[in-house]
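Chemist: Dumping the structure here so I can ask a few things about it.
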Amino acid sequence: MTTLPPQPEAAANTAARTIATSGFAIRPALLVPVLAVGFAALIGLALIAVIGVSVPSAIAAFVDGTLGSPYAMAASINRSTVFALVGFGFILANRANLTNVGGEGQIAVGGIAATAVALYGHVGALPLGLSFILPMLAAVLAGALWGALAAVLKVKSGTNEVISTLLLSFVGVWLLYWCVQSPALLRKPMTSSATLPESLEIPDTTQLPLLTGDYSFPLHIGLPITIVIAVVVAVLLSKTVLGLRLRAVGLNPVASNRAGISYARTVIFALAMAGALGGLAGALMLLGEQYTLKDGFSSGYGFDGLVAGLLSRGSVTGVIAASLLFGFMRSGGINMEMVAAVPTALVVVIQGLIVITLAGATLFIERWERQ
Amino acid sequence: MTWELFAVFLGSSIRLATPLLLAGVGEMVSERAGVLNMSIEGMMLTAAFAAAVGSWATGNPMLGLLIGTIAVQPVALLQAVLSNTLRANQIVSGIGINILVLGATTLAYREIFGARSRAEIPGLTKVKPPLLGDIPVFGSAVFEQVWLFYAGIALIVATALVLRYTSIGIAIHAAGAEPKAVDKSGLSVTRIRYGCVLFAGFMASLAGAFLSIGDIHTFTEGMTRGAGYLAIASVIFGKWKIGGTVLACLLFGAATALQFQLPALGIAVPNALLIMLPYLLALLAVGGLVGRQLAPATLGEPYRR
């Protein structure tokens, strides 16, 4: 039996819905995120000064880590694709008024599935790119299952998906820990007691091809894949029946159910898609950059993608902009830590400030847009 | 299992459940009034950090505890302003606060402790209550706990009495169930909700301080590791009742304690599975055993006059 949420909840979630307002809404919807990012960046600069690092040298280190070399640029863009995929999943589910905060776990199970198939699925010798496509598909499937689990709980017993996706995230992250700790699972054979808790390196043929074939500019095919998905998600949300169904269920589940749109199927579809994109993000990280599965390989990526989704206020272009921002911010942050001794946690502070500022500004945006 | 081991298991279950109990009961009160604080996690982390720094700097864990509780109030106030005055999405704003606190405490920890990480931090003392503590085998293993645990029990009992027998309790319940009626009766829904969020912050601060200066006498980055979310799950599991919430927290505590007990018994269960267990239980709890109709009617909805 499916449980429909009671009416008041649908009526009251205006805040969540405004996050999902569609399309090319410019004006306040564009201005406010820009102001929020600017405000957070200013506080970040102030903090750098407070901890006693010269601001110009920190900025120099930041720029050097983002645009300083072809390698840094490619690494930043690869990172951005991961955030973007999670962010697309977030806005897709959010269109149905669902909040997927399980990106972290979905990336983890995606990484696990991709590694398992790449290492032990006998795919290494397959032609036509199947050697890396199959591991990717496995990751997509694993992520979709992880997302669908939360959806089934919501449909069957009305469990708030925020809590369930969060808890599933913890389970996924510990599952990853388990996989790399246990030789019976994915840990590489222990030759000595000093063998690290990580998997074997995946075969060359299962690694994602580089666009230029040159490791000094390691941009891989994750970028074109992400661009294609961006177009698909944008079209799905604005031009298809499916997109309309998501929105209808998000606005009024009871009315849409009466109009013949299955609440259960829509919720499961939305969260499974969000999970699938999270799983794919995990596959890109694993097959495109890391090549070995390690504990905590996804640490923080799911939340960055979530924040990108929130910042975008429901638009695909917004997700892309925010993901690029965060991809470069992370790279710059890492370089600031190495060169200028500014902890990367500073970047986390800035992200937290952005989310809080935007959440707090919803009321003003709503009033402004109504005028 | 020998009685001695069982006693140790009970004792560590209680110890591990204590932060969840404190934070869970605080969150339950706030949810009764209609405000969901995803930021419990961040509030706990703030207190864990501030109490550890306070205790380390002053050499006095009591002052550390005080500093921890004071440090959380601005965070709780921020959540209250976002949830009530600015009518922000409570889930999004709570998660934002958690991200901010994780970054800020990590940054400050590096700046303050730097190379001296794992500094020795003076912790709260343990007490053994007179009668219970004298029970053979069980006495010290189960009942010798950090005094904050006993203080917490007293607070929880007091909270239960206030909720049940006073007009404040009725007002809190009504603010979540029928805010319009509260408004018409001349009470301020906003004020009640502010008060409840600050109370949840206070309880979460005790929970966080317990983690750092009560339990392990040190601070590690992001040390709450989802305890705040478990506290929220315990409220759902406990069907927004104080007794149920307490039982759920004890269950999660016991599940966590198994991590240390099963290996001691020579039972080979993967460590990761045991670490996962409380989260799996919480998932089962929120997924299968309770229905939504039990939640306060306006939970998560900002009140608009």
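Residues in the structure tokens are named by chain (A, B, ... in the order shown) and by number from 1 within that chain; ligands are numbered from 1 in the order shown.
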Show me, as a list in words, the residues of chain A whose atoms get within 7 Å of chain B, using only C-alpha atoms for the distance check.
Modeler: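 For chain A, the answer reads Ala12, Ala15, Ala16, Leu153, Ser157, Gly158, Thr159, Ser164, Leu167, Phe170, Val171, Trp174, Leu175, Tyr177, Trp178, Pro343, Ala345, Leu346, Val348, Val349, Gly352, Leu353, Val355, Ile356, Ala359, Gly360, Thr362 and Leu363 of chain A.
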Chemist: Write the selection just made, keeping N, CA and C atoms, as a compact mmCIF listing (two decimals), in the first residue's frame?
Modeler:
```txt
# COMPACT_ATOMS: atom_id res chain seq x y z
N ALA A 12 2.72 23.52 2.55
CA ALA A 12 3.63 24.31 3.37
C ALA A 12 5.05 24.32 2.87
N ALA A 15 8.97 26.80 0.69
CA ALA A 15 10.39 27.15 0.70
C ALA A 15 11.16 26.19 -0.18
N ALA A 16 10.87 24.89 -0.03
CA ALA A 16 11.57 23.90 -0.84
C ALA A 16 11.23 24.11 -2.30
N LEU A 153 11.00 3.44 1.05
CA LEU A 153 10.66 3.73 2.44
C LEU A 153 9.66 4.88 2.52
N SER A 157 6.11 3.76 3.93
CA SER A 157 5.77 4.13 5.30
C SER A 157 5.93 5.61 5.58
N GLY A 158 6.05 6.40 4.52
CA GLY A 158 6.04 7.84 4.73
C GLY A 158 7.30 8.39 5.39
N THR A 159 8.41 7.63 5.32
CA THR A 159 9.65 8.10 5.94
C THR A 159 10.18 9.33 5.21
N SER A 164 16.22 9.43 5.71
CA SER A 164 16.61 8.11 5.19
C SER A 164 17.81 8.21 4.26
N LEU A 167 20.88 8.69 6.51
CA LEU A 167 21.28 7.46 7.20
C LEU A 167 21.89 6.49 6.19
N PHE A 170 25.48 7.24 5.59
CA PHE A 170 26.40 6.69 6.58
C PHE A 170 26.64 5.21 6.31
N VAL A 171 25.55 4.50 5.99
CA VAL A 171 25.69 3.07 5.71
C VAL A 171 26.60 2.86 4.50
N TRP A 174 30.29 3.48 5.34
CA TRP A 174 30.89 2.39 6.12
C TRP A 174 30.99 1.11 5.30
N LEU A 175 30.09 0.98 4.32
CA LEU A 175 30.20 -0.14 3.40
C LEU A 175 31.50 -0.05 2.61
N TYR A 177 34.22 1.44 3.66
CA TYR A 177 35.26 1.10 4.63
C TYR A 177 35.41 -0.42 4.74
N TRP A 178 34.25 -1.08 4.82
CA TRP A 178 34.23 -2.53 4.92
C TRP A 178 34.90 -3.17 3.68
N PRO A 343 44.27 26.11 6.03
CA PRO A 343 43.57 24.81 6.02
C PRO A 343 42.43 24.79 5.00
N ALA A 345 39.75 23.54 5.30
CA ALA A 345 38.48 23.71 6.01
C ALA A 345 37.90 25.09 5.74
N LEU A 346 38.75 26.04 5.34
CA LEU A 346 38.26 27.38 5.02
C LEU A 346 37.22 27.32 3.90
N VAL A 348 35.26 24.87 3.29
CA VAL A 348 34.04 24.32 3.88
C VAL A 348 33.26 25.43 4.59
N VAL A 349 33.98 26.29 5.31
CA VAL A 349 33.33 27.41 5.99
C VAL A 349 32.59 28.27 4.97
N GLY A 352 29.43 26.58 3.80
CA GLY A 352 28.39 26.64 4.82
C GLY A 352 27.72 28.00 4.84
N LEU A 353 28.54 29.05 4.76
CA LEU A 353 27.99 30.41 4.76
C LEU A 353 27.08 30.64 3.56
N VAL A 355 25.29 28.39 1.91
CA VAL A 355 24.01 27.69 2.09
C VAL A 355 23.12 28.44 3.07
N ILE A 356 23.70 28.87 4.20
CA ILE A 356 22.90 29.55 5.22
C ILE A 356 22.34 30.86 4.67
N ALA A 359 19.54 30.10 2.25
CA ALA A 359 18.35 29.61 2.94
C ALA A 359 17.64 30.78 3.61
N GLY A 360 18.43 31.67 4.21
CA GLY A 360 17.85 32.80 4.92
C GLY A 360 17.25 33.83 3.98
N THR A 362 15.51 33.19 1.25
CA THR A 362 14.37 32.69 0.48
C THR A 362 13.16 33.62 0.59
N LEU A 363 12.91 34.07 1.82
CA LEU A 363 11.74 34.93 2.06
C LEU A 363 11.82 36.19 1.22
```
Chemist: Find the residues near Lys294 (chain A): any atom within 10 Å, counting only C-alpha atoms, skip ones fewer than 2 places away on the same chain, and give them as number ranges by chain.
Modeler: A: 111-112, 176-177, 179-181, 186-187, 196-200, 286, 290-292, 296-298
Chemist: Which residue gives the smallest distance to Tyr215 (chain A) among A:Glu289, A:Ser299, A:Leu98, A:Leu42, with only C-alpha atoms counted?
Modeler: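 Ranking A:Glu289, A:Ser299, A:Leu98, A:Leu42 by distance to Tyr215 (chain A), first place goes to A:Glu289.
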Chemist: Given the choices A:Leu128, A:Ala113, A:Ile354, A:Ala248, which gets closest to Phe326 (chain A) if the distance is worked out from only C-alpha atoms?
Modeler: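 Residue with the minimum atom-to-atom distance to Phe326 (chain A): A:Ile354.
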Chemist: Which value, in Å to one decimal, gives the distance between CA of Leu358 (chain A) and CA of Val75 (chain B)?
Modeler: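 We find that CA of Leu358 (chain A) and CA of Val75 (chain B) lie 16.8 Å from each other.
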Chemist: Which residues, written as an mmCIF file with C-alpha atoms, in the first residue's frame, have at least one atom at most 10 Å from region 172-181 of chain B, with only C-alpha atoms counted and residues fewer than 4 positions away on the same chain left out?
Modeler:
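Output contents, as saved in out29.cif:
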```cif
data_model
loop_
_atom_site.group_PDB
_atom_site.id
_atom_site.type_symbol
_atom_site.label_atom_id
_atom_site.label_comp_id
_atom_site.auth_asym_id
_atom_site.auth_seq_id
_atom_site.Cartn_x
_atom_site.Cartn_y
_atom_site.Cartn_z
ATOM 1 C CA VAL B 29 10.925 19.218 22.667
ATOM 2 C CA SER B 30 11.745 21.429 19.697
ATOM 3 C CA GLU B 31 9.972 19.126 17.237
ATOM 4 C CA ARG B 32 6.926 19.062 19.509
ATOM 5 C CA ALA B 33 6.810 22.815 19.072
ATOM 6 C CA GLY B 34 7.091 22.365 15.310
ATOM 7 C CA VAL B 35 10.753 23.114 14.593
ATOM 8 C CA LEU B 163 5.877 18.753 29.296
ATOM 9 C CA ARG B 164 3.247 16.715 31.044
ATOM 10 C CA SER B 167 0.973 25.008 31.042
ATOM 11 C CA ILE B 168 4.350 25.459 29.373
ATOM 12 C CA SER B 185 -5.040 32.416 22.994
ATOM 13 C CA GLY B 186 -2.650 35.337 23.209
ATOM 14 C CA LEU B 187 0.607 33.416 23.401
ATOM 15 C CA SER B 188 3.351 34.004 20.857
ATOM 16 C CA VAL B 189 4.054 30.952 18.684
ATOM 17 C CA THR B 190 7.324 32.523 17.615
ATOM 18 C CA ARG B 191 8.465 33.025 21.181
ATOM 19 C CA ILE B 192 7.614 29.459 22.187
ATOM 20 C CA ARG B 193 9.463 28.112 19.164
ATOM 21 C CA GLY B 195 12.595 29.054 23.363
ATOM 22 C CA CYS B 196 12.365 25.425 22.285
ATOM 23 C CA ALA B 295 4.564 13.678 13.918
ATOM 24 C CA PRO B 296 3.483 17.067 15.249
ATOM 25 C CA ALA B 297 1.096 18.464 12.661
ATOM 26 C CA THR B 298 3.149 21.480 11.656
ATOM 27 C CA LEU B 299 6.633 19.984 12.037
ATOM 28 C CA GLY B 300 9.051 21.800 9.766
ATOM 29 C CA GLU B 301 6.615 24.523 8.764
ATOM 30 C CA TYR B 303 4.433 29.820 11.312
ATOM 31 C CA ARG B 304 2.927 32.736 9.455
ATOM 32 C CA ARG B 305 0.399 34.889 11.275
#
```
